[in-house]
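S.K.: As input, take upload-v2.cif (mmCIF, C-alpha atoms):
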data_upload
#
loop_
_atom_site.label_atom_id
_atom_site.label_comp_id
_atom_site.auth_asym_id
_atom_site.auth_seq_id
_atom_site.Cartn_x
_atom_site.Cartn_y
_atom_site.Cartn_z
CA MET Q 1 0.00 0.00 0.00
CA THR Q 2 1.08 3.59 -0.62
CA SER Q 3 0.28 6.02 2.20
CA SER Q 4 -0.30 9.76 2.31
CA ALA Q 5 -1.48 12.34 4.87
CA PRO Q 6 -5.20 11.95 5.67
CA GLN Q 7 -8.02 14.49 6.02
CA ASP Q 8 -9.08 17.60 4.15
CA THR Q 9 -8.79 20.95 5.87
CA GLY Q 10 -11.48 23.62 5.86
CA PRO Q 11 -14.24 25.19 7.89
CA THR Q 12 -16.56 22.18 7.77
CA ARG Q 13 -15.73 19.30 10.05
CA LEU Q 14 -15.09 16.02 8.26
CA TRP Q 15 -16.54 13.08 10.20
CA SER Q 16 -14.95 9.65 10.05
CA VAL Q 17 -17.02 6.59 9.21
CA ASP Q 18 -16.58 5.28 12.73
CA GLU Q 19 -17.65 8.57 14.34
CA HIS Q 20 -20.83 8.75 12.26
CA LEU Q 21 -21.74 5.13 13.01
CA ALA Q 22 -21.08 5.65 16.72
CA ASP Q 23 -23.38 8.68 16.68
CA VAL Q 24 -26.14 6.64 15.02
CA LEU Q 25 -25.84 3.73 17.45
CA ALA Q 26 -25.70 6.06 20.47
CA THR Q 27 -29.03 7.60 19.42
CA VAL Q 28 -31.00 4.54 18.34
CA ARG Q 29 -32.67 2.63 21.15
CA PRO Q 30 -34.14 -0.90 20.99
CA LEU Q 31 -37.90 -1.04 20.51
CA GLU Q 32 -40.08 -1.84 23.51
CA PRO Q 33 -40.86 -5.58 23.96
CA ILE Q 34 -44.31 -6.97 23.15
CA GLU Q 35 -45.99 -10.39 23.38
CA LEU Q 36 -46.60 -11.94 19.96
CA GLN Q 37 -48.20 -15.08 18.62
CA LEU Q 38 -45.63 -17.48 17.13
CA PRO Q 39 -46.52 -16.80 13.46
CA ASP Q 40 -45.99 -13.08 14.06
CA ALA Q 41 -42.74 -13.51 15.98
CA GLN Q 42 -40.60 -14.73 13.07
CA GLY Q 43 -37.59 -12.47 12.60
CA CYS Q 44 -37.99 -10.90 16.04
CA VAL Q 45 -35.50 -11.02 18.90
CA LEU Q 46 -36.33 -12.75 22.19
CA VAL Q 47 -36.12 -10.57 25.27
CA GLU Q 48 -36.22 -13.39 27.83
CA ASP Q 49 -34.86 -16.90 28.26
CA VAL Q 50 -37.30 -19.66 27.34
CA THR Q 51 -37.08 -22.87 29.36
CA VAL Q 52 -38.55 -26.26 28.50
CA PRO Q 53 -41.72 -27.03 30.47
CA VAL Q 54 -41.90 -30.69 29.45
CA ALA Q 55 -39.38 -33.19 28.09
CA LEU Q 56 -39.13 -33.50 24.32
CA PRO Q 57 -40.10 -36.05 23.17
CA PRO Q 58 -42.49 -36.45 26.10
CA PHE Q 59 -42.48 -40.26 25.88
CA ASP Q 60 -40.44 -43.12 24.42
CA ASN Q 61 -41.49 -43.50 20.80
CA SER Q 62 -40.63 -45.42 17.67
CA SER Q 63 -38.33 -44.01 15.03
CA MET Q 64 -39.46 -46.62 12.45
CA ASP Q 65 -42.55 -48.31 11.10
CA GLY Q 66 -42.31 -51.91 12.34
CA TYR Q 67 -43.03 -54.07 15.37
CA ALA Q 68 -42.53 -53.40 19.07
CA VAL Q 69 -40.96 -56.50 20.62
CA ARG Q 70 -39.16 -57.94 23.63
CA THR Q 71 -35.48 -58.46 22.83
CA ALA Q 72 -35.47 -61.98 24.31
CA ASP Q 73 -38.13 -63.03 21.79
CA VAL Q 74 -36.04 -62.09 18.74
CA GLN Q 75 -32.62 -63.16 20.01
CA GLY Q 76 -30.87 -65.24 17.35
CA ALA Q 77 -33.58 -64.60 14.72
CA SER Q 78 -32.55 -65.03 11.07
CA GLU Q 79 -34.17 -65.49 7.68
CA GLU Q 80 -33.60 -69.22 7.95
CA PHE Q 81 -34.88 -69.41 11.52
CA PRO Q 82 -37.20 -66.44 12.04
CA ALA Q 83 -38.79 -65.62 15.36
CA VAL Q 84 -42.55 -66.13 15.05
CA LEU Q 85 -44.52 -63.72 17.24
CA THR Q 86 -48.21 -63.19 17.85
CA VAL Q 87 -49.36 -59.72 16.77
CA ILE Q 88 -51.68 -58.30 19.43
CA GLY Q 89 -52.68 -55.00 17.79
CA ASP Q 90 -51.69 -51.65 16.32
CA VAL Q 91 -49.97 -48.71 18.00
CA ALA Q 92 -50.31 -45.53 15.96
CA ALA Q 93 -49.04 -42.02 16.66
CA GLY Q 94 -51.47 -40.43 19.07
CA SER Q 95 -52.61 -43.73 20.51
CA GLY Q 96 -54.13 -43.52 23.97
CA GLU Q 97 -54.57 -46.96 25.55
CA LEU Q 98 -51.63 -49.16 24.69
CA PRO Q 99 -51.49 -52.98 24.51
CA THR Q 100 -48.99 -54.68 26.77
CA VAL Q 101 -46.45 -56.78 24.88
CA GLY Q 102 -45.88 -60.07 26.66
CA PRO Q 103 -43.61 -63.05 25.94
CA GLY Q 104 -43.90 -64.23 22.33
CA GLN Q 105 -45.90 -61.17 21.34
CA ALA Q 106 -45.42 -58.07 19.16
CA ALA Q 107 -47.42 -54.93 18.34
CA ARG Q 108 -47.45 -53.19 14.99
CA ILE Q 109 -46.07 -49.70 15.60
CA MET Q 110 -45.85 -46.60 13.48
CA THR Q 111 -43.17 -43.90 13.45
CA GLY Q 112 -43.71 -41.50 16.33
CA ALA Q 113 -46.06 -43.84 18.20
CA PRO Q 114 -45.41 -44.44 21.92
CA LEU Q 115 -43.51 -47.60 22.84
CA PRO Q 116 -46.08 -49.90 24.47
CA PRO Q 117 -45.54 -51.45 27.92
CA GLY Q 118 -43.44 -54.61 27.87
CA ALA Q 119 -41.70 -53.77 24.58
CA GLU Q 120 -37.96 -53.11 24.67
CA ALA Q 121 -37.13 -52.43 21.01
CA VAL Q 122 -38.60 -51.88 17.57
CA VAL Q 123 -37.76 -54.06 14.59
CA PRO Q 124 -38.28 -52.27 11.26
CA VAL Q 125 -40.90 -53.80 9.01
CA GLU Q 126 -38.15 -54.54 6.47
CA TRP Q 127 -36.69 -57.04 9.00
CA THR Q 128 -39.97 -58.99 8.96
CA ASP Q 129 -42.44 -60.57 6.60
CA GLY Q 130 -44.96 -57.85 7.46
CA GLY Q 131 -47.40 -60.47 8.72
CA THR Q 132 -47.92 -61.88 5.24
CA GLY Q 133 -46.21 -65.22 5.77
CA GLY Q 134 -43.92 -64.49 2.81
CA GLY Q 135 -40.45 -62.97 2.41
CA ALA Q 136 -39.09 -59.66 3.63
CA ALA Q 137 -41.67 -56.88 3.56
CA SER Q 138 -40.97 -53.52 1.91
CA GLY Q 139 -43.66 -51.64 3.80
CA MET Q 140 -46.73 -51.92 5.96
CA THR Q 141 -50.22 -52.48 4.67
CA PRO Q 142 -52.47 -49.64 5.87
CA ALA Q 143 -54.72 -50.72 8.72
CA SER Q 144 -57.78 -49.33 6.94
CA ALA Q 145 -57.07 -51.42 3.84
CA ALA Q 146 -56.14 -54.64 5.63
CA PRO Q 147 -57.21 -54.60 9.29
CA GLU Q 148 -56.28 -58.26 9.56
CA GLY Q 149 -52.64 -57.14 9.27
CA ALA Q 150 -52.87 -55.88 12.82
CA ALA Q 151 -53.36 -59.42 14.14
CA GLY Q 152 -52.10 -62.93 13.38
CA GLU Q 153 -48.40 -63.66 13.28
CA VAL Q 154 -45.26 -61.92 12.14
CA ARG Q 155 -41.92 -63.51 11.29
CA VAL Q 156 -38.89 -61.54 12.42
CA HIS Q 157 -35.67 -62.20 10.49
CA ARG Q 158 -33.17 -60.25 12.60
CA ALA Q 159 -32.36 -59.76 16.25
CA ALA Q 160 -32.70 -56.33 17.90
CA GLU Q 161 -30.70 -54.76 20.69
CA ALA Q 162 -32.49 -53.18 23.62
CA ARG Q 163 -33.78 -49.68 22.76
CA ALA Q 164 -33.13 -50.22 19.04
CA HIS Q 165 -35.10 -47.68 16.94
CA VAL Q 166 -36.55 -46.10 20.05
CA ARG Q 167 -36.40 -42.35 20.63
CA ALA Q 168 -35.99 -41.93 24.37
CA ARG Q 169 -38.12 -39.53 26.37
CA GLY Q 170 -36.21 -36.27 26.79
CA SER Q 171 -33.54 -37.22 24.24
CA ASP Q 172 -34.08 -33.85 22.50
CA VAL Q 173 -34.49 -31.60 25.54
CA GLN Q 174 -35.26 -32.22 29.19
CA ALA Q 175 -37.79 -30.32 31.28
CA GLY Q 176 -36.06 -27.29 32.78
CA ASP Q 177 -33.45 -27.05 30.02
CA LEU Q 178 -32.80 -23.69 28.37
CA ALA Q 179 -34.60 -23.86 25.04
CA LEU Q 180 -33.66 -20.43 23.66
CA ALA Q 181 -31.66 -17.61 25.23
CA ALA Q 182 -32.65 -13.97 25.29
CA GLY Q 183 -31.21 -12.25 22.23
CA THR Q 184 -32.02 -15.12 19.86
CA VAL Q 185 -33.41 -14.13 16.47
CA LEU Q 186 -36.45 -16.31 15.81
CA GLY Q 187 -36.14 -18.14 12.51
CA PRO Q 188 -38.12 -21.20 11.35
CA PRO Q 189 -36.17 -23.73 13.50
CA GLN Q 190 -36.62 -21.60 16.61
CA ILE Q 191 -40.33 -21.15 15.92
CA ALA Q 192 -40.58 -24.95 15.53
CA LEU Q 193 -38.90 -25.51 18.90
CA LEU Q 194 -41.19 -23.04 20.64
CA ALA Q 195 -44.24 -24.76 19.18
CA ALA Q 196 -42.87 -28.20 20.09
CA ILE Q 197 -42.56 -27.23 23.75
CA GLY Q 198 -46.05 -25.78 23.79
CA ARG Q 199 -45.37 -22.04 23.60
CA GLY Q 200 -48.14 -20.21 21.71
CA THR Q 201 -46.79 -16.72 22.37
CA VAL Q 202 -43.40 -15.27 23.10
CA ARG Q 203 -42.05 -11.95 24.37
CA VAL Q 204 -39.91 -10.21 21.76
CA ARG Q 205 -38.83 -6.87 20.40
CA PRO Q 206 -40.90 -6.32 17.24
CA ARG Q 207 -39.37 -6.01 13.80
CA PRO Q 208 -38.65 -2.32 13.14
CA ARG Q 209 -40.90 -0.51 10.66
CA VAL Q 210 -38.64 1.25 8.16
CA VAL Q 211 -39.96 3.79 5.66
CA VAL Q 212 -37.75 4.30 2.59
CA LEU Q 213 -38.29 7.45 0.56
CA SER Q 214 -36.32 8.57 -2.48
CA THR Q 215 -36.29 12.16 -3.73
CA GLY Q 216 -35.75 13.68 -7.15
CA SER Q 217 -37.93 15.20 -9.87
CA GLU Q 218 -36.00 13.14 -12.40
CA LEU Q 219 -37.20 9.82 -10.95
CA VAL Q 220 -39.97 7.74 -12.50
CA GLN Q 221 -41.25 4.35 -11.36
CA PRO Q 222 -40.25 1.13 -13.16
CA GLY Q 223 -42.90 0.21 -15.71
CA GLU Q 224 -43.57 3.82 -16.65
CA ALA Q 225 -42.20 5.50 -19.77
CA LEU Q 226 -38.98 7.49 -19.56
CA THR Q 227 -39.00 11.02 -20.88
CA ALA Q 228 -36.11 13.38 -21.59
CA GLY Q 229 -33.91 13.81 -18.53
CA THR Q 230 -35.59 11.14 -16.39
CA ILE Q 231 -34.30 7.89 -14.91
CA TYR Q 232 -35.92 5.00 -13.09
CA ASP Q 233 -36.06 5.06 -9.30
CA SER Q 234 -33.89 2.17 -8.15
CA ASN Q 235 -32.92 3.45 -4.70
CA SER Q 236 -36.26 2.99 -2.98
CA PHE Q 237 -36.54 -0.57 -4.29
CA ALA Q 238 -32.96 -1.46 -3.35
CA LEU Q 239 -33.11 0.01 0.14
CA ALA Q 240 -36.55 -1.38 0.95
CA ALA Q 241 -35.22 -4.82 -0.02
CA ALA Q 242 -32.09 -4.21 2.07
CA ALA Q 243 -34.23 -3.19 5.04
CA ARG Q 244 -36.22 -6.43 4.80
CA ASP Q 245 -32.99 -8.37 4.52
CA ALA Q 246 -31.78 -6.69 7.72
CA GLY Q 247 -34.89 -7.87 9.56
CA ALA Q 248 -37.23 -4.90 9.22
CA ILE Q 249 -40.77 -4.45 7.92
CA ALA Q 250 -40.14 -2.10 5.00
CA TYR Q 251 -42.49 0.47 3.48
CA ARG Q 252 -41.41 1.94 0.16
CA VAL Q 253 -42.65 5.40 -0.78
CA GLY Q 254 -42.61 6.42 -4.45
CA ALA Q 255 -40.14 9.11 -5.45
CA VAL Q 256 -40.95 12.61 -4.20
CA ALA Q 257 -40.30 15.59 -6.45
CA ASP Q 258 -37.75 18.28 -5.56
CA ASP Q 259 -40.20 20.40 -3.63
CA ALA Q 260 -39.64 21.10 0.07
CA ASP Q 261 -43.33 21.44 0.96
CA THR Q 262 -44.25 18.18 -0.76
CA LEU Q 263 -41.35 16.33 0.87
CA ARG Q 264 -42.17 17.80 4.27
CA ALA Q 265 -45.81 16.73 4.01
CA THR Q 266 -44.81 13.24 2.86
CA ILE Q 267 -42.41 12.75 5.75
CA GLU Q 268 -44.99 13.96 8.27
CA ASP Q 269 -47.53 11.50 6.83
CA GLN Q 270 -45.07 8.62 7.08
CA LEU Q 271 -44.04 9.24 10.69
CA ILE Q 272 -47.11 7.44 12.00
CA ARG Q 273 -45.87 4.08 10.70
CA ALA Q 274 -42.11 4.52 11.05
CA ASP Q 275 -39.64 3.38 13.67
CA LEU Q 276 -36.91 4.58 11.30
CA LEU Q 277 -37.00 6.84 8.23
CA VAL Q 278 -34.51 6.60 5.36
CA THR Q 279 -34.32 9.19 2.59
CA THR Q 280 -32.08 9.16 -0.47
CA GLY Q 281 -31.00 12.17 -2.47
CA GLY Q 282 -31.00 15.88 -1.74
CA VAL Q 283 -28.24 15.93 0.89
CA SER Q 284 -25.42 17.50 -1.13
CA VAL Q 285 -24.84 21.17 -1.98
CA GLY Q 286 -26.85 21.54 -5.20
CA ALA Q 287 -29.48 24.22 -5.71
CA TYR Q 288 -32.23 21.56 -5.82
CA ASP Q 289 -31.13 19.52 -2.82
CA VAL Q 290 -34.34 20.16 -0.86
CA VAL Q 291 -34.00 17.47 1.83
CA LYS Q 292 -32.10 19.82 4.13
CA GLU Q 293 -34.72 22.54 3.77
CA ALA Q 294 -37.63 20.18 4.36
CA LEU Q 295 -36.10 18.35 7.32
CA THR Q 296 -35.17 21.54 9.12
CA SER Q 297 -38.88 22.44 9.39
CA VAL Q 298 -40.19 18.97 10.26
CA ALA Q 299 -37.62 18.34 13.04
CA GLY Q 300 -38.81 17.72 16.58
CA GLY Q 301 -37.41 19.38 19.70
CA ASP Q 302 -34.11 20.99 20.55
CA ASP Q 303 -32.94 17.80 22.26
CA ASP Q 304 -33.20 15.67 19.12
CA VAL Q 305 -29.51 15.94 18.31
CA GLU Q 306 -26.56 17.36 20.13
CA GLY Q 307 -26.41 21.15 19.78
CA GLY Q 308 -30.09 21.55 18.88
CA GLY Q 309 -31.88 21.02 15.59
CA GLY Q 310 -33.39 17.78 14.40
CA ILE Q 311 -31.12 16.64 11.56
CA ASP Q 312 -27.39 17.22 11.27
CA PHE Q 313 -26.05 17.24 7.73
CA ARG Q 314 -22.40 16.38 7.60
CA LYS Q 315 -19.55 15.30 5.35
CA LEU Q 316 -17.83 11.98 5.93
CA ALA Q 317 -14.29 10.97 5.07
CA MET Q 318 -15.46 8.15 2.81
CA GLN Q 319 -16.03 7.28 -0.83
CA PRO Q 320 -18.71 6.76 -1.98
CA GLY Q 321 -21.16 8.44 0.38
CA LYS Q 322 -19.48 11.65 1.54
CA PRO Q 323 -22.71 13.67 2.21
CA GLN Q 324 -24.87 12.24 5.01
CA GLY Q 325 -27.63 13.40 7.31
CA PHE Q 326 -28.73 11.99 10.65
CA GLY Q 327 -30.94 12.91 13.57
CA THR Q 328 -34.41 12.43 14.98
CA ILE Q 329 -37.69 14.06 13.97
CA GLY Q 330 -41.29 14.33 15.03
CA PRO Q 331 -42.99 14.01 18.41
CA ASP Q 332 -41.64 10.49 19.00
CA HIS Q 333 -38.07 11.47 18.06
CA THR Q 334 -38.04 9.01 15.17
CA PRO Q 335 -34.49 8.37 13.87
CA LEU Q 336 -33.87 9.50 10.30
CA LEU Q 337 -30.89 8.78 8.09
CA ALA Q 338 -30.56 10.91 4.96
CA LEU Q 339 -28.41 9.17 2.38
CA PRO Q 340 -26.92 10.45 -0.87
CA GLY Q 341 -28.85 9.85 -4.09
CA ASN Q 342 -26.32 8.04 -6.27
CA PRO Q 343 -27.34 4.35 -6.25
CA VAL Q 344 -24.03 2.90 -5.10
CA SER Q 345 -23.51 5.67 -2.56
CA SER Q 346 -26.94 5.07 -1.05
CA TYR Q 347 -26.49 1.30 -0.91
CA VAL Q 348 -23.02 1.45 0.65
CA SER Q 349 -24.33 4.01 3.15
CA PHE Q 350 -27.23 1.73 3.98
CA GLU Q 351 -24.93 -1.20 4.69
CA LEU Q 352 -22.61 0.87 6.87
CA PHE Q 353 -25.14 2.93 8.83
CA VAL Q 354 -28.80 2.00 8.27
CA ARG Q 355 -28.45 -1.76 8.64
CA PRO Q 356 -26.72 -1.37 12.03
CA ALA Q 357 -29.48 1.05 13.10
CA ILE Q 358 -32.17 -1.48 12.17
CA ARG Q 359 -30.38 -4.25 14.03
CA ALA Q 360 -29.96 -2.00 17.07
CA LEU Q 361 -33.72 -1.27 17.03
CA MET Q 362 -34.25 -5.04 17.06
CA GLY Q 363 -32.24 -5.24 20.26
CA LEU Q 364 -29.20 -7.07 18.94
CA PRO Q 365 -25.83 -6.38 20.59
CA GLU Q 366 -23.45 -4.00 18.85
CA SER Q 367 -21.21 -6.91 17.89
CA GLU Q 368 -24.03 -8.29 15.71
CA VAL Q 369 -25.44 -5.17 14.09
CA GLY Q 370 -23.02 -4.93 11.17
CA ARG Q 371 -22.06 -7.26 8.38
CA PRO Q 372 -19.29 -9.79 9.06
CA THR Q 373 -15.80 -8.90 7.88
CA VAL Q 374 -12.83 -11.01 6.81
CA ARG Q 375 -9.29 -10.41 5.64
CA ALA Q 376 -8.57 -11.29 2.01
CA VAL Q 377 -5.76 -10.84 -0.50
CA LEU Q 378 -6.42 -8.52 -3.44
CA LYS Q 379 -6.50 -10.34 -6.75
CA ALA Q 380 -6.29 -7.77 -9.56
CA ASP Q 381 -4.45 -6.95 -12.78
CA LYS Q 382 -3.21 -3.62 -11.51
CA ALA Q 383 -3.03 -1.46 -8.42
CA LEU Q 384 -6.23 0.16 -7.16
CA GLY Q 385 -6.21 3.90 -6.52
CA SER Q 386 -7.93 5.56 -3.59
CA PRO Q 387 -8.34 9.24 -2.63
CA ALA Q 388 -6.19 10.54 0.22
CA GLY Q 389 -8.07 11.03 3.47
CA ARG Q 390 -11.06 8.93 2.41
CA ARG Q 391 -12.00 5.42 3.48
CA GLN Q 392 -12.96 3.85 0.17
CA PHE Q 393 -15.43 1.00 -0.28
CA LEU Q 394 -14.95 -0.84 -3.57
CA ARG Q 395 -17.25 -3.54 -4.86
CA GLY Q 396 -15.67 -6.96 -4.82
CA LYS Q 397 -16.09 -10.69 -5.39
CA TYR Q 398 -14.85 -12.75 -2.48
CA ASP Q 399 -13.49 -16.28 -2.90
CA ALA Q 400 -13.52 -18.03 0.45
CA ALA Q 401 -11.67 -21.07 -0.90
CA THR Q 402 -8.60 -19.06 -1.90
CA GLY Q 403 -8.95 -16.20 0.57
CA THR Q 404 -8.89 -13.64 -2.23
CA VAL Q 405 -11.09 -10.78 -3.35
CA SER Q 406 -11.35 -9.29 -6.85
CA PRO Q 407 -12.70 -5.88 -7.87
CA VAL Q 408 -16.05 -5.75 -9.70
CA GLY Q 409 -16.53 -2.70 -11.92
CA GLY Q 410 -15.05 0.72 -11.30
CA SER Q 411 -15.30 3.11 -8.38
CA GLY Q 412 -18.04 5.32 -9.84
CA SER Q 413 -21.04 5.86 -7.54
CA HIS Q 414 -23.48 5.38 -10.42
CA LEU Q 415 -22.26 1.91 -11.48
CA ILE Q 416 -25.20 -0.10 -10.16
CA ALA Q 417 -24.71 -2.98 -12.62
CA ALA Q 418 -21.38 -3.81 -10.99
CA LEU Q 419 -23.04 -3.71 -7.58
CA ALA Q 420 -25.47 -6.42 -8.68
CA HIS Q 421 -22.55 -8.78 -9.31
CA ALA Q 422 -20.60 -7.98 -6.13
CA ASP Q 423 -20.89 -9.93 -2.88
CA SER Q 424 -18.57 -7.82 -0.77
CA LEU Q 425 -17.01 -4.41 -0.21
CA MET Q 426 -13.25 -4.00 -0.18
CA VAL Q 427 -12.14 -1.43 2.40
CA VAL Q 428 -9.22 0.85 1.60
CA PRO Q 429 -8.09 2.83 4.68
CA GLU Q 430 -8.02 6.64 4.75
CA ASP Q 431 -4.23 6.88 4.70
CA VAL Q 432 -3.78 4.61 1.66
CA THR Q 433 -3.80 5.93 -1.90
CA SER Q 434 -2.74 2.82 -3.82
CA VAL Q 435 -3.31 -0.90 -3.20
CA GLU Q 436 -1.07 -3.33 -5.04
CA PRO Q 437 -2.22 -6.83 -6.07
CA GLY Q 438 -1.36 -9.29 -3.31
CA THR Q 439 -2.15 -6.81 -0.53
CA GLU Q 440 -4.36 -8.02 2.30
CA LEU Q 441 -7.54 -5.96 2.79
CA GLU Q 442 -10.51 -5.88 5.11
CA VAL Q 443 -13.58 -7.17 3.26
CA VAL Q 444 -17.20 -6.59 4.27
CA LEU Q 445 -19.32 -9.61 3.29
CA LEU Q 446 -22.72 -8.58 1.88
CA GLY Q 447 -24.31 -11.98 1.31
#
Now that the file is in, can you turn its structure into structure tokens?
M.R.:
Amino acid sequence: MTSSAPQDTGPTRLWSVDEHLADVLATVRPLEPIELQLPDAQGCVLVEDVTVPVALPPFDNSSMDGYAVRTADVQGASEEFPAVLTVIGDVAAGSGELPTVGPGQAARIMTGAPLPPGAEAVVPVEWTDGGTGGGAASGMTPASAAPEGAAGEVRVHRAAEARAHVRARGSDVQAGDLALAAGTVLGPPQIALLAAIGRGTVRVRPRPRVVVLSTGSELVQPGEALTAGTIYDSNSFALAAAARDAGAIAYRVGAVADDADTLRATIEDQLIRADLLVTTGGVSVGAYDVVKEALTSVAGGDDDVEGGGGIDFRKLAMQPGKPQGFGTIGPDHTPLLALPGNPVSSYVSFELFVRPAIRALMGLPESEVGRPTVRAVLKADKALGSPAGRRQFLRGKYDAATGTVSPVGGSGSHLIAALAHADSLMVVPEDVTSVEPGTELEVVLLG
């Protein structure tokens, strides 16, 4: 790497990436816990430990379709000299009264059915003749189609050890065990466990409601016709999808024209359903960058951000994404992050600042709010340049097998096609202006 002196000088303070993120995380507070039904709790974070009220499984049960037997009755059994047992009935999953298996007896048993009294093991149906008097069976005849199969005799061709094909009571979890710890994100397996131990509701922090709003009179919605000087709005779609990926409930608002009154009214309307607001565009120094004007009027009280005023617009020592805005607005002091309008700038800013804010609202610890990072060796045809005093984030393709990362596309903040093919961001430190192939870099994993 080639180094040079960092930081621009001038009247406006230049924030570092770390300072801006720290400011965001110091302001955002986890949402208040609520009790939710299991179907509504997916993606939420537990706020309390959940213990097991009853053992799982709650009783010894069969892991196979076959016959419940006493091991002494099938000892030494073979195809040439099978053990012939009297079948005394069926035991299906959910069975209440169970037959008692005595000497020389067996009970047909289905997967998941409780092991009947007297039985010590289960022999799979494939080890028997299935009660047909013929050779090895390949399956069981349904009781409804052949009720006589539940009685008569069965020939067992193999011996079984004690507890063979039996799932022991409590072999999954015991009563009193910790099922899930506070802080667990509830995915499908966790929801399954909660249901299996009988929990119908659970206390969690709800998924944050994130409103994404893009600004710009040049923006039209996909599916509409482009006219001279217009482009399709990709930011609101990308960031709403990114918010959902982070764990939020996302609401996308169609692009708002460059008019401060319209933007102000739109933001005020959206506050009622927002735990976090994200805007894109209008945060730079152009004559039509109306986000600053609109947010100054809609801001809440003097205590929203340090020094008074609702939203602080600042410059960051990063590329892309130098112009940023952050603060709280409205009567509930709703956090708002104002991101730049260039597609790559807005997406990189989302990953660095908005995603951690969403995860903090969910109640996750700071160590889990950001994307994972790794170290990887740059694989490139030539050195990569980087501006002095800026932490640069370049799109990359990470190869875990070789521990390398390759650049995807250029550094331009409008190159969204390259972003679609990247799975990581390569981080070039502020004091580095050139990165040679073979250099080890920090890599932020996006997938």
S.K.: Please measure the separation of CA of Ser214 in chain Q and CA of Val291 in chain Q, giving the value in Å to one decimal.
M.R.: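 For CA of Ser214 in chain Q relative to CA of Val291 in chain Q, the distance reads 10.2 Å.
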S.K.: For the atom pair CA of Tyr251 in chain Q and CA of Ile272 in chain Q, what is the interatomic distance in Å to one decimal place?
M.R.: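 Going from CA of Tyr251 in chain Q over to CA of Ile272 in chain Q, I get 11.9 Å.
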S.K.: Starting from the point (-33.7, -2.3, 16.1), work out which residues of protein, DNA or RNA have an atom no more than 12 Å away when counting all atoms listed in the file; state them as a PyMOL selection string.
M.R.: chain Q and resi 24-25+27-33+43-45+183+185+204-210+243+246-249+274-276+335+354-366+368-369
S.K.: Could you work out how far CA of Thr328 in chain Q lies from CA of Asp233 in chain Q, giving the answer in Å with one decimal?
M.R.: 25.4 Å
S.K.: Report as a PDB file with C-alpha atoms, in the frame of the given file all protein, DNA and RNA residues lying within 10 Å of range 429-438 of chain Q, evaluated on all atoms listed in the file, omitting residues in the same chain fewer than 3 positions from it.
M.R.:
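What ended up in part02.pdb:
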ATOM      1  CA  MET Q   1       0.000   0.000   0.000  1.00  0.00           C
ATOM      2  CA  THR Q   2       1.080   3.590  -0.620  1.00  0.00           C
ATOM      3  CA  SER Q   3       0.280   6.020   2.200  1.00  0.00           C
ATOM      4  CA  SER Q   4      -0.300   9.760   2.310  1.00  0.00           C
ATOM      5  CA  ALA Q   5      -1.480  12.340   4.870  1.00  0.00           C
ATOM      6  CA  PRO Q   6      -5.200  11.950   5.670  1.00  0.00           C
ATOM      7  CA  GLN Q   7      -8.020  14.490   6.020  1.00  0.00           C
ATOM      8  CA  SER Q  16     -14.950   9.650  10.050  1.00  0.00           C
ATOM      9  CA  ALA Q 317     -14.290  10.970   5.070  1.00  0.00           C
ATOM     10  CA  MET Q 318     -15.460   8.150   2.810  1.00  0.00           C
ATOM     11  CA  GLN Q 319     -16.030   7.280  -0.830  1.00  0.00           C
ATOM     12  CA  ALA Q 376      -8.570 -11.290   2.010  1.00  0.00           C
ATOM     13  CA  VAL Q 377      -5.760 -10.840  -0.500  1.00  0.00           C
ATOM     14  CA  LEU Q 378      -6.420  -8.520  -3.440  1.00  0.00           C
ATOM     15  CA  LYS Q 379      -6.500 -10.340  -6.750  1.00  0.00           C
ATOM     16  CA  ALA Q 380      -6.290  -7.770  -9.560  1.00  0.00           C
ATOM     17  CA  ASP Q 381      -4.450  -6.950 -12.780  1.00  0.00           C
ATOM     18  CA  LYS Q 382      -3.210  -3.620 -11.510  1.00  0.00           C
ATOM     19  CA  ALA Q 383      -3.030  -1.460  -8.420  1.00  0.00           C
ATOM     20  CA  LEU Q 384      -6.230   0.160  -7.160  1.00  0.00           C
ATOM     21  CA  GLY Q 385      -6.210   3.900  -6.520  1.00  0.00           C
ATOM     22  CA  SER Q 386      -7.930   5.560  -3.590  1.00  0.00           C
ATOM     23  CA  PRO Q 387      -8.340   9.240  -2.630  1.00  0.00           C
ATOM     24  CA  ALA Q 388      -6.190  10.540   0.220  1.00  0.00           C
ATOM     25  CA  GLY Q 389      -8.070  11.030   3.470  1.00  0.00           C
ATOM     26  CA  ARG Q 390     -11.060   8.930   2.410  1.00  0.00           C
ATOM     27  CA  ARG Q 391     -12.000   5.420   3.480  1.00  0.00           C
ATOM     28  CA  GLN Q 392     -12.960   3.850   0.170  1.00  0.00           C
ATOM     29  CA  PHE Q 393     -15.430   1.000  -0.280  1.00  0.00           C
ATOM     30  CA  THR Q 404      -8.890 -13.640  -2.230  1.00  0.00           C
ATOM     31  CA  VAL Q 405     -11.090 -10.780  -3.350  1.00  0.00           C
ATOM     32  CA  SER Q 406     -11.350  -9.290  -6.850  1.00  0.00           C
ATOM     33  CA  MET Q 426     -13.250  -4.000  -0.180  1.00  0.00           C
ATOM     34  CA  LEU Q 441      -7.540  -5.960   2.790  1.00  0.00           C
ATOM     35  CA  GLU Q 442     -10.510  -5.880   5.110  1.00  0.00           C
TER      36      GLU Q 442
END
S.K.: Report the residues retrieved by the PyMOL selection byres ((chain Q and resi 262) around 12) from the displayed file, expressed as a ChimeraX atom specification.
M.R.: /Q:215-217,255-261,263-269,290-291,293-295,298
S.K.: So, counting all atoms listed in the file, which residue among Q:Val408, Q:Ala22, Q:Val52, Q:Leu445 is closest to Ser424 in chain Q?
M.R.: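 Comparing Q:Val408, Q:Ala22, Q:Val52, Q:Leu445 against Ser424 in chain Q, the winner is Q:Leu445.
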